[in-house]
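The structure appears right after this line, and notes come after that.
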Amino acid sequence: MKKVKAIFVFCEGPHDVAFVSNVLQVINKFKEIGKKSITELPHPLQKHYVNKNYEYEPITDIQGVVDPYMPKSVLMDKDEKAYFILYPCGGLGNIKSWNRQKEKNLQVPKEIEKLKQVITDELEKIKFREELSETKKLSFNYKNKEIPIVEMIAVEPVFGFVVDADDDLAEARLKQIKENYEKYFGDRTFNIQGVNEWNTEKNLGLFIFHREADKKGSLEDLVVNLLQEKDTYTKFFPHFESKIQITSPNDKEHVSAVKIKRDKSALCSSGQHSYAGSSLAVILADSDKVFLDESKIEADPQCQSIAKFFQDVVE
């Protein structure tokens, strides 16, 4: 019986999905499934997504949380032992507010519960099928349904999260994320000690973008240093610095949000010569490899940390 891992990665937003997908393709040599139908994923994942009447489209259509709630990048490791299924969460504010009983805020928890259930049901079928492996039956009855006896793939579910530290310390963000989603993973231990680690069982993990020097920062801080033409960004940034102003200097969240808006605006503007009219998510996906410098991605310590974080869970 073939076994594969399905690593469901819930990223803070579409830009994180795009960038992580890019890094995994450049450093880990993972392959994006691209325009294939998502129905080609192993059962029961194909059934889960087909039930949403959705045909998978790659990262070029990545604009945030939509209904039905679907992944925006799907990759496979080079040994075909694991699928990496990346979702955007609609921003850190949405992640932090899961305890608020609003439909939008609950999209991620609901998806997690559905994924866990559909995989659990499939594993029960596989166990039942193996008990009949010595028989000559062509099908077996499971919950009053006839299931054909064909080669089944056991899917091991793994869940990971990717967020920014922003102006909080990375360790503080780790605590915050744990408090917000631990209740959705009662079947898994959250014994993560560092900010870019998996738990002991390697079925639950968290990666936090941060600067090593002060344990703060965001994805945008990293991206700025990976540009092929940083001068273009440098020219645009003063314009947005003057236009997007800090109006509440004592409000830490406001100050952090303004800084990130400036960076995102300058990055998006500087990427227009490569991807005219495109969103920053499409620019960071960098399918033509003309915006970000691949050699810089390969050499950057934090990009290497991303690559290692996801490679570790495959082993």
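We label chains A, B, ... in the order they appear in the structure tokens, count residues from 1 in each chain, and number ligands from 1 in the order shown.
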
Discussion item. Give me, as number ranges by chain, the residues of region 155-291 of chain A that a backbone DSSP run labels strand (DSSP E or B).
Written reply: A: 155-164, 166, 197-198, 204-209, 217, 227

Practice prompt. Give me the residues within 7 Å of Ala170 (chain A) as a list in words, counting only C-alpha atoms and dropping any in the same chain fewer than 2 places off.
Written response: Ala165, Asp168, Ala172, Arg173, Leu174, Val195, Ile208, His210, Lys215 and Lys216 of chain A

Item to complete: Find the residues near Leu92 (chain A): any atom within 12 Å, counting only C-alpha atoms, skip ones fewer than 4 places away on the same chain, and give them as number ranges by chain.
Response: A: 10-14, 16, 88, 96-98, 105, 161-166, 173, 176-177, 180, 208, 218, 253, 257

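With distances restricted to only C-alpha atoms, A:Leu292 is the closest residue to Ser270 (chain A) from A:Ile244, A:Leu204, A:Leu292, A:Leu222.
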
Practice prompt. For region 301-310 of chain A, list every protein, DNA or RNA residue within 10 Å, evaluated using only C-alpha atoms, and leave out those in the same chain fewer than 6 positions away; present the list as a PyMOL selection string.
Written response: chain A and resi 7+9+19-20+23-29+77+84+160+162+196-198+205-212+222-223+226

Go ahead and write the selection's residues with C-alpha atoms as a JSON list (two decimals), in the first residue's frame.
```json
[["chain", "number", "residue", "atom", "x", "y", "z"],
["A", 7, "ILE", "CA", 1.03, 18.88, 4.26],
["A", 9, "VAL", "CA", -0.02, 24.87, 5.01],
["A", 19, "PHE", "CA", 6.67, 33.41, -1.85],
["A", 20, "VAL", "CA", 6.82, 30.07, 0.00],
["A", 23, "VAL", "CA", 11.21, 29.19, -2.51],
["A", 24, "LEU", "CA", 10.18, 25.52, -2.45],
["A", 25, "GLN", "CA", 10.49, 25.36, -6.22],
["A", 26, "VAL", "CA", 13.86, 27.13, -6.33],
["A", 27, "ILE", "CA", 15.66, 25.48, -3.40],
["A", 28, "ASN", "CA", 13.81, 22.20, -2.76],
["A", 29, "LYS", "CA", 13.05, 21.60, -6.44],
["A", 77, "ASP", "CA", 8.27, 16.99, -3.50],
["A", 84, "PHE", "CA", 2.18, 20.58, -0.09],
["A", 160, "GLY", "CA", 1.58, 23.87, 9.23],
["A", 162, "VAL", "CA", 3.25, 30.49, 8.11],
["A", 196, "ASN", "CA", 10.39, 27.58, 13.00],
["A", 197, "GLU", "CA", 9.81, 24.03, 14.13],
["A", 198, "TRP", "CA", 7.52, 21.02, 13.91],
["A", 205, "GLY", "CA", 4.36, 23.12, 12.78],
["A", 206, "LEU", "CA", 4.78, 26.88, 12.64],
["A", 207, "PHE", "CA", 7.11, 29.09, 10.59],
["A", 208, "ILE", "CA", 7.40, 32.78, 11.49],
["A", 209, "PHE", "CA", 9.06, 35.30, 9.18],
["A", 210, "HIS", "CA", 11.39, 37.42, 11.30],
["A", 211, "ARG", "CA", 14.76, 39.12, 11.32],
["A", 212, "GLU", "CA", 17.31, 37.14, 13.29],
["A", 222, "LEU", "CA", 13.04, 39.47, 3.40],
["A", 223, "VAL", "CA", 11.81, 40.06, -0.15],
["A", 226, "LEU", "CA", 16.12, 39.36, -2.90]]
```

Discussion item. List the spatial neighbours of Cys268 (chain A) as a VMD selection string - criterion: any atom at most 7 Å away, only C-alpha atoms, same-chain residues fewer than 3 positions off excluded.
Written reply: chain A and resid 264 to 265 271 to 272 279 to 280

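You will find CA of Asp300 (chain A) at 11.8 Å from CA of Val224 (chain A).
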
Worksheet item: Near Arg262 (chain A), within 8 Å and counting only C-alpha atoms, which residues show up once chain neighbours fewer than 4 positions away are dropped, as a VMD selection string?
Response: chain A and resid 237 240 to 241 244 258 266

Serialized selection, C-alpha atoms, as an mmCIF file, in the first residue's frame:
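What follows is the written file again28.cif:
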```cif
data_model
loop_
_atom_site.group_PDB
_atom_site.id
_atom_site.type_symbol
_atom_site.label_atom_id
_atom_site.label_comp_id
_atom_site.auth_asym_id
_atom_site.auth_seq_id
_atom_site.Cartn_x
_atom_site.Cartn_y
_atom_site.Cartn_z
ATOM 1 C CA PHE A 237 9.563 53.719 -1.476
ATOM 2 C CA PHE A 240 4.683 55.715 -0.528
ATOM 3 C CA GLU A 241 6.409 56.748 2.698
ATOM 4 C CA ILE A 244 0.919 56.400 3.579
ATOM 5 C CA VAL A 258 1.538 51.303 7.859
ATOM 6 C CA ALA A 266 6.747 49.850 -3.285
#
```

Item to complete: Write out as JSON, numbers by chain which residues come within 9 Å of Tyr69 (chain A) when counting only C-alpha atoms, dropping same-chain ones fewer than 5 positions away.
Response: {"A": [52, 87, 107, 108, 111]}

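Of the listed residues A:Val4, A:Ala18, A:Cys89, A:Ala276, the one whose atoms come nearest to His43 (chain A) is A:Val4, with distances taken using only C-alpha atoms.
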
Item to complete: Using DSSP on the backbone coordinates, identify all residues within region 154-259 of chain A classified as helix (DSSP H, G or I); present the result as a PyMOL selection string.
Response: chain A and resi 170-185+219-224+230-243+252-259

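Reported to one decimal place, the separation of CA of Lys110 (chain A) from CA of Leu169 (chain A) is 28.6 Å.
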
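Rounded to one decimal, CA of Glu220 (chain A) and CA of Gln245 (chain A) lie 18.0 Å from each other.
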